[in-house]
file start15.pdb (PDB, C-alpha atoms)
MODEL        1
ATOM      1  CA  MET A   1     -21.784  -2.423   6.358
ATOM      2  CA  SER A   2     -18.141  -2.846   5.396
ATOM      3  CA  ARG A   3     -16.063  -2.330   8.528
ATOM      4  CA  ILE A   4     -13.394  -0.567   6.468
ATOM      5  CA  GLY A   5     -15.523   1.040   3.764
ATOM      6  CA  LYS A   6     -17.910   2.882   6.102
ATOM      7  CA  LEU A   7     -15.116   4.770   7.900
ATOM      8  CA  PRO A   8     -14.720   8.406   6.775
ATOM      9  CA  ILE A   9     -11.252   9.648   5.819
ATOM     10  CA  THR A  10     -10.285  12.851   7.652
ATOM     11  CA  VAL A  11      -8.287  15.152   5.386
ATOM     12  CA  PRO A  12      -5.494  17.002   7.274
ATOM     13  CA  ASN A  13      -4.837  20.732   6.933
ATOM     14  CA  GLY A  14      -2.733  21.612   3.927
ATOM     15  CA  THR A  15      -4.157  18.769   1.827
ATOM     16  CA  THR A  16      -6.807  19.434  -0.820
ATOM     17  CA  VAL A  17      -9.245  16.879  -2.227
ATOM     18  CA  SER A  18     -11.451  17.221  -5.296
ATOM     19  CA  VAL A  19     -14.069  14.743  -6.507
ATOM     20  CA  ASP A  20     -15.206  14.709 -10.130
ATOM     21  CA  GLY A  21     -17.563  11.817 -10.853
ATOM     22  CA  GLN A  22     -15.584   8.640 -10.134
ATOM     23  CA  THR A  23     -12.220  10.457 -10.006
ATOM     24  CA  ILE A  24     -10.586  11.513  -6.731
ATOM     25  CA  LYS A  25      -7.659  13.955  -6.878
ATOM     26  CA  VAL A  26      -5.536  14.636  -3.792
ATOM     27  CA  LYS A  27      -2.792  17.252  -3.457
ATOM     28  CA  GLY A  28      -0.498  17.815  -0.492
ATOM     29  CA  SER A  29       3.023  18.738   0.568
ATOM     30  CA  LYS A  30       4.451  15.416  -0.666
ATOM     31  CA  GLY A  31       2.895  15.492  -4.125
ATOM     32  CA  GLU A  32      -0.293  14.986  -6.104
ATOM     33  CA  MET A  33      -2.165  11.749  -6.836
ATOM     34  CA  SER A  34      -5.443  10.680  -8.427
ATOM     35  CA  MET A  35      -7.465   7.503  -8.803
ATOM     36  CA  VAL A  36     -10.599   6.431 -10.676
ATOM     37  CA  LEU A  37     -13.073   4.364  -8.660
ATOM     38  CA  SER A  38     -15.241   1.545  -9.942
ATOM     39  CA  GLU A  39     -18.634   2.623 -11.295
ATOM     40  CA  LEU A  40     -20.156   0.649  -8.403
ATOM     41  CA  ILE A  41     -18.702   3.082  -5.824
ATOM     42  CA  THR A  42     -19.580   6.752  -5.270
ATOM     43  CA  PRO A  43     -17.057   9.123  -3.609
ATOM     44  CA  LYS A  44     -18.143  12.213  -1.680
ATOM     45  CA  PHE A  45     -16.149  15.012  -0.029
ATOM     46  CA  GLU A  46     -17.728  17.371   2.476
ATOM     47  CA  ASP A  47     -16.888  18.891   5.868
ATOM     48  CA  ASN A  48     -13.210  18.003   5.346
ATOM     49  CA  GLU A  49     -14.059  14.291   5.224
ATOM     50  CA  LEU A  50     -13.822  11.950   2.246
ATOM     51  CA  THR A  51     -16.260   9.027   2.145
ATOM     52  CA  VAL A  52     -16.874   6.247  -0.354
ATOM     53  CA  MET A  53     -20.186   4.401  -0.541
ATOM     54  CA  PRO A  54     -21.805   1.874  -2.885
ATOM     55  CA  ARG A  55     -23.915   3.426  -5.647
ATOM     56  CA  GLU A  56     -27.322   4.680  -4.459
ATOM     57  CA  ASP A  57     -29.363   2.108  -6.408
ATOM     58  CA  LEU A  58     -27.254  -0.726  -4.943
ATOM     59  CA  VAL A  59     -27.817   0.594  -1.413
ATOM     60  CA  LYS A  60     -31.559   0.773  -2.087
ATOM     61  CA  ALA A  61     -31.596  -2.806  -3.433
ATOM     62  CA  ALA A  62     -29.721  -4.061  -0.337
ATOM     63  CA  ASN A  63     -32.185  -2.367   2.031
ATOM     64  CA  GLU A  64     -35.123  -3.826   0.078
ATOM     65  CA  ARG A  65     -33.639  -7.304   0.387
ATOM     66  CA  ILE A  66     -33.282  -6.859   4.165
ATOM     67  CA  GLU A  67     -36.925  -5.742   4.425
ATOM     68  CA  ALA A  68     -38.042  -8.708   2.306
ATOM     69  CA  GLU A  69     -36.236 -11.172   4.594
ATOM     70  CA  LYS A  70     -37.746  -9.422   7.621
ATOM     71  CA  ALA A  71     -41.255  -9.788   6.188
ATOM     72  CA  ARG A  72     -40.682 -13.532   5.692
ATOM     73  CA  GLY A  73     -39.571 -13.895   9.294
ATOM     74  CA  ARG A  74     -36.136 -15.151   8.345
ATOM     75  CA  ARG A  75     -32.741 -14.259   9.772
ATOM     76  CA  LEU A  76     -31.925 -10.693   8.777
ATOM     77  CA  PRO A  77     -28.794 -10.410   6.616
ATOM     78  CA  THR A  78     -26.316  -7.676   7.432
ATOM     79  CA  PHE A  79     -26.086  -4.761   5.026
ATOM     80  CA  ALA A  80     -22.813  -6.148   3.620
ATOM     81  CA  GLU A  81     -24.436  -9.568   3.050
ATOM     82  CA  ALA A  82     -27.423  -7.985   1.291
ATOM     83  CA  LEU A  83     -25.229  -5.786  -0.894
ATOM     84  CA  ASP A  84     -24.271  -6.815  -4.430
ATOM     85  CA  SER A  85     -21.118  -8.974  -4.150
ATOM     86  CA  ARG A  86     -19.202  -6.916  -6.723
ATOM     87  CA  ALA A  87     -19.841  -3.674  -4.826
ATOM     88  CA  ARG A  88     -18.984  -5.355  -1.536
ATOM     89  CA  THR A  89     -15.529  -6.379  -2.777
ATOM     90  CA  GLN A  90     -14.816  -2.913  -4.233
ATOM     91  CA  TRP A  91     -16.060  -0.883  -1.258
ATOM     92  CA  GLY A  92     -13.369  -1.621   1.332
ATOM     93  CA  THR A  93     -10.625  -1.623  -1.302
ATOM     94  CA  ALA A  94     -11.662   1.796  -2.648
ATOM     95  CA  ARG A  95     -11.685   3.280   0.851
ATOM     96  CA  ALA A  96      -8.252   1.796   1.705
ATOM     97  CA  ASN A  97      -6.713   3.090  -1.535
ATOM     98  CA  ALA A  98      -8.194   6.561  -1.005
ATOM     99  CA  ALA A  99      -6.907   6.664   2.596
ATOM    100  CA  ASN A 100      -3.430   5.626   1.379
ATOM    101  CA  MET A 101      -3.465   8.485  -1.142
ATOM    102  CA  VAL A 102      -4.407  11.084   1.491
ATOM    103  CA  GLU A 103      -1.736   9.783   3.888
ATOM    104  CA  GLY A 104       0.838   9.602   1.089
ATOM    105  CA  VAL A 105       0.509  13.197  -0.145
ATOM    106  CA  SER A 106       0.317  14.484   3.451
ATOM    107  CA  ASN A 107       3.094  12.569   5.237
ATOM    108  CA  GLY A 108       4.539  10.184   2.650
ATOM    109  CA  TYR A 109       5.656   6.583   3.030
ATOM    110  CA  SER A 110       9.112   5.141   3.512
ATOM    111  CA  LYS A 111      10.833   1.775   3.810
ATOM    112  CA  THR A 112      14.322   1.190   5.182
ATOM    113  CA  LEU A 113      16.610  -1.557   3.869
ATOM    114  CA  GLU A 114      19.721  -2.874   5.605
ATOM    115  CA  LEU A 115      22.766  -4.381   3.884
ATOM    116  CA  VAL A 116      24.356  -7.236   5.827
ATOM    117  CA  GLY A 117      27.606  -8.770   4.597
ATOM    118  CA  VAL A 118      31.327  -8.090   4.324
ATOM    119  CA  GLY A 119      31.941  -5.462   1.665
ATOM    120  CA  TYR A 120      28.246  -4.808   1.026
ATOM    121  CA  ARG A 121      27.881  -1.071   0.531
ATOM    122  CA  ALA A 122      25.361   1.442  -0.800
ATOM    123  CA  GLN A 123      25.980   4.992  -1.991
ATOM    124  CA  MET A 124      24.235   7.577  -4.117
ATOM    125  CA  GLN A 125      25.497   8.353  -7.611
ATOM    126  CA  GLY A 126      23.504  11.425  -8.523
ATOM    127  CA  ASN A 127      19.882  10.296  -8.277
ATOM    128  CA  ASP A 128      20.841   6.648  -8.820
ATOM    129  CA  LEU A 129      21.683   4.084  -6.150
ATOM    130  CA  LYS A 130      25.016   2.278  -6.476
ATOM    131  CA  LEU A 131      25.219  -1.069  -4.672
ATOM    132  CA  ALA A 132      28.266  -3.243  -4.020
ATOM    133  CA  LEU A 133      26.847  -6.695  -3.276
ATOM    134  CA  GLY A 134      29.717  -9.096  -3.818
ATOM    135  CA  PHE A 135      29.222  -9.373  -7.583
ATOM    136  CA  SER A 136      31.998  -8.775 -10.120
ATOM    137  CA  HIS A 137      30.284  -5.472 -10.916
ATOM    138  CA  ASP A 138      28.394  -2.757  -9.030
ATOM    139  CA  VAL A 139      24.618  -2.684  -9.333
ATOM    140  CA  ILE A 140      23.162   0.661 -10.486
ATOM    141  CA  PHE A 141      19.492   1.169  -9.637
ATOM    142  CA  LYS A 142      17.610   4.116 -11.125
ATOM    143  CA  ALA A 143      14.857   5.620  -8.976
ATOM    144  CA  PRO A 144      11.377   5.375 -10.559
ATOM    145  CA  ASP A 145       9.320   8.546 -11.022
ATOM    146  CA  GLY A 146       7.965   9.863  -7.721
ATOM    147  CA  ILE A 147      10.417   7.815  -5.616
ATOM    148  CA  LYS A 148      13.331   9.229  -3.625
ATOM    149  CA  LEU A 149      16.328   7.061  -2.704
ATOM    150  CA  GLU A 150      18.758   7.884   0.115
ATOM    151  CA  ALA A 151      21.822   6.148   1.560
ATOM    152  CA  PRO A 152      22.484   7.897   4.900
ATOM    153  CA  LYS A 153      24.904   5.091   5.874
ATOM    154  CA  PRO A 154      26.903   2.678   3.702
ATOM    155  CA  THR A 155      24.747  -0.189   4.971
ATOM    156  CA  GLU A 156      21.333   1.547   4.874
ATOM    157  CA  VAL A 157      18.988   2.536   2.059
ATOM    158  CA  ILE A 158      15.790   4.561   2.536
ATOM    159  CA  VAL A 159      13.054   4.445  -0.113
ATOM    160  CA  SER A 160      10.410   7.177   0.207
ATOM    161  CA  GLY A 161       7.521   8.628  -1.795
ATOM    162  CA  ALA A 162       3.818   9.479  -1.789
ATOM    163  CA  ASP A 163       2.621   6.263  -3.469
ATOM    164  CA  LYS A 164       2.524   3.416  -0.930
ATOM    165  CA  GLN A 165       2.442   0.714  -3.599
ATOM    166  CA  ALA A 166       5.366   2.237  -5.537
ATOM    167  CA  VAL A 167       7.487   2.582  -2.370
ATOM    168  CA  GLY A 168       6.895  -1.062  -1.432
ATOM    169  CA  GLN A 169       7.515  -2.283  -4.986
ATOM    170  CA  THR A 170      10.782  -0.311  -5.286
ATOM    171  CA  ALA A 171      12.053  -1.621  -1.934
ATOM    172  CA  ALA A 172      11.190  -5.177  -3.018
ATOM    173  CA  LYS A 173      13.102  -4.742  -6.312
ATOM    174  CA  ILE A 174      16.217  -3.546  -4.467
ATOM    175  CA  ARG A 175      15.944  -6.462  -2.028
ATOM    176  CA  GLU A 176      15.746  -8.897  -4.964
ATOM    177  CA  PHE A 177      19.330  -8.073  -5.997
ATOM    178  CA  ARG A 178      20.595 -10.027  -2.973
ATOM    179  CA  PRO A 179      17.861 -11.528  -0.757
ATOM    180  CA  PRO A 180      19.057 -12.610   2.707
ATOM    181  CA  GLU A 181      20.431 -16.155   2.722
ATOM    182  CA  PRO A 182      19.683 -18.456   5.665
ATOM    183  CA  TYR A 183      23.212 -19.629   6.619
ATOM    184  CA  LYS A 184      25.115 -16.427   7.379
ATOM    185  CA  GLY A 185      22.222 -14.000   6.997
ATOM    186  CA  LYS A 186      24.024 -12.017   4.289
ATOM    187  CA  GLY A 187      21.972  -9.929   1.881
ATOM    188  CA  ILE A 188      19.534  -7.014   1.739
ATOM    189  CA  ARG A 189      16.736  -7.135   4.297
ATOM    190  CA  TYR A 190      13.961  -4.851   5.474
ATOM    191  CA  GLN A 191      14.671  -3.041   8.716
ATOM    192  CA  GLY A 192      13.484  -5.293  11.535
ATOM    193  CA  GLU A 193      12.992  -8.293   9.223
ATOM    194  CA  TYR A 194      13.583 -11.671  10.865
ATOM    195  CA  VAL A 195      15.741 -13.976   8.747
ATOM    196  CA  ARG A 196      15.266 -17.611   9.647
ATOM    197  CA  ARG A 197      18.667 -19.230   9.980
ATOM    198  CA  LYS A 198      19.754 -22.753   9.085
ATOM    199  CA  GLU A 199      22.586 -24.776  10.512
ATOM    200  CA  GLY A 200      25.355 -25.493   8.030
ATOM    201  CA  LYS A 201      26.791 -28.911   7.253
ATOM    202  CA  LYS A 202      28.820 -30.467  10.044
ATOM    203  CA  LYS A 203      32.149 -32.121   9.330
TER
ENDMDL
END
call {"tool": "encode", "arguments": {"input": "start15.pdb", "output": "structure tokens"}}
result
Amino acid sequence: MSRIGKLPITVPNGTTVSVDGQTIKVKGSKGEMSMVLSELITPKFEDNELTVMPREDLVKAANERIEAEKARGRRLPTFAEALDSRARTQWGTARANAANMVEGVSNGYSKTLELVGVGYRAQMQGNDLKLALGFSHDVIFKAPDGIKLEAPKPTEVIVSGADKQAVGQTAAKIREFRPPEPYKGKGIRYQGEYVRRKEGKKK
């Protein structure tokens, strides 16, 4: 079985999950999200646990293949090996995405960016982020839907939201305005990011 896919997802108190065919809807204190699974995967929610499994006929076919190999006296394939390759690739991914949704609407995700450089500053302008990055003009970044931007310090930006992918993508876009350079280390970096340094030219 898939090491990731077979694990049940425990739904915390205060978070509701509904399953309608291939659609999973999750609602919590941080927001509401939904996703549609591949037709090869079947979601199920019971006893406060969300599970995703390959479709019943694919499971049956995999078990029959294992029994056939056993009857021939050959090495027994694992369930994942016997499973249809398309379902195998979707299984773990579906479970990971569903777990990210439950975690996102319950606790949310956040990424912290640090500004390093003389005169590099960040501040909020309404809901928009205003960045001074050494250009001839300030950079104005508008927060995408479902994303919250904060600048608790002039050299720190916090990106938060329920959608893990959207939080990561937004942080990456902000970092792209001035990626860290290797000589002085100036630029926008993730908190805790290691910037490999180079030695400058010697006279």
call {"tool": "resolve_selection", "arguments": {"input": "start15.pdb", "expression": "the PyMOL selection byres ((chain A and resi 141) around 12)", "output": "MDAnalysis selection string"}}
result
chainID A and resid 122:132 138:140 142:144 147:150 157 159 170:171 173:177
call {"tool": "residues_around", "arguments": {"input": "start15.pdb", "residues": "Val167 (chain A)", "least_positions_apart": "5", "cutoff": "8 Å", "atoms": "all atoms listed in the file", "output": "VMD selection string"}}
result
chain A and resid 109 to 111 147 159 to 162
call {"tool": "resolve_selection", "arguments": {"input": "start15.pdb", "expression": "the PyMOL selection byres ((chain A and resi 38) around 10)", "output": "ChimeraX atom specification"}}
result
/A:22-23,35-37,39-42,54-55,86-87,90-91,94
call {"tool": "closest_residue", "arguments": {"input": "start15.pdb", "among": "A:Gly31, A:Gly134, A:Gly200, A:Pro12", "to": "Glu49 (chain A)", "atoms": "all atoms listed in the file"}}
result
A:Pro12
call {"tool": "residues_around", "arguments": {"input": "start15.pdb", "residues": "region 75-79 of chain A", "least_positions_apart": "6", "cutoff": "12 Å", "atoms": "all atoms listed in the file", "output": "JSON, numbers by chain"}}
result
{"A": [1, 2, 3, 6, 54, 58, 59, 60, 61, 62, 63, 64, 65, 66, 67, 68, 69, 85, 87, 88]}
call {"tool": "residues_around", "arguments": {"input": "start15.pdb", "residues": "Asn97 (chain A)", "least_positions_apart": "6", "cutoff": "12 Å", "atoms": "all atoms listed in the file", "output": "list in words"}}
result
Ile4, Gly5, Ile9, Ile24, Val26, Met33, Ser34, Met35, Val36, Leu37, Leu50, Thr51, Val52, Gln90, Trp91, Glu103, Gly104, Asp163, Lys164 and Gln165 of chain A
call {"tool": "atom_distance", "arguments": {"input": "start15.pdb", "atom1": "CA of Lys201 (chain A)", "atom2": "CA of Ile188 (chain A)"}}
result
23.7 Å
call {"tool": "atom_distance", "arguments": {"input": "start15.pdb", "atom1": "CA of Leu113 (chain A)", "atom2": "CA of Gly187 (chain A)"}}
result
10.1 Å
call {"tool": "resolve_selection", "arguments": {"input": "start15.pdb", "expression": "the PyMOL selection byres ((chain A and resi 191) around 8)", "output": "list of chain:residue names"}}
result
A:Lys111, A:Thr112, A:Leu113, A:Glu114, A:Arg189, A:Tyr190, A:Gly192, A:Glu193
call {"tool": "atom_distance", "arguments": {"input": "start15.pdb", "atom1": "CA of Lys203 (chain A)", "atom2": "CA of Lys184 (chain A)"}}
result
17.3 Å
call {"tool": "closest_residue", "arguments": {"input": "start15.pdb", "among": "A:Leu7, A:Val195, A:Ala99, A:Ala151", "to": "Lys25 (chain A)", "atoms": "only C-alpha atoms"}}
result
A:Ala99
call {"tool": "residues_around", "arguments": {"input": "start15.pdb", "residues": "Val105 (chain A)", "least_positions_apart": "2", "cutoff": "7 Å", "atoms": "only C-alpha atoms", "output": "PyMOL selection string"}}
result
chain A and resi 27-32+101-103+107-108+162
call {"tool": "closest_residue", "arguments": {"input": "start15.pdb", "among": "A:His137, A:Arg178, A:Lys44, A:Arg72", "to": "Ser18 (chain A)", "atoms": "all atoms listed in the file"}}
result
A:Lys44
call {"tool": "residues_around", "arguments": {"input": "start15.pdb", "residues": "Glu199 (chain A)", "least_positions_apart": "4", "cutoff": "12 Å", "atoms": "only C-alpha atoms", "output": "list of chain:residue names"}}
result
A:Glu181, A:Pro182, A:Tyr183, A:Lys184, A:Gly185
call {"tool": "write_last_selection", "arguments": {"input": "start15.pdb", "atoms": "C-alpha atoms", "output": "PDB file, keeping the file's coordinate frame"}}
result
ATOM      1  CA  GLU A 181      20.431 -16.155   2.722  1.00  0.00           C
ATOM      2  CA  PRO A 182      19.683 -18.456   5.665  1.00  0.00           C
ATOM      3  CA  TYR A 183      23.212 -19.629   6.619  1.00  0.00           C
ATOM      4  CA  LYS A 184      25.115 -16.427   7.379  1.00  0.00           C
ATOM      5  CA  GLY A 185      22.222 -14.000   6.997  1.00  0.00           C
TER       6      GLY A 185
END
call {"tool": "axis_aligned_box", "arguments": {"input": "start15.pdb", "around": "region 14-18 of chain A", "padding_each_side": "4 Å", "output": "AutoDock Vina command-line options"}}
result
--center_x -7.1 --center_y 19.2 --center_z -0.7 --size_x 16.7 --size_y 12.7 --size_z 17.2
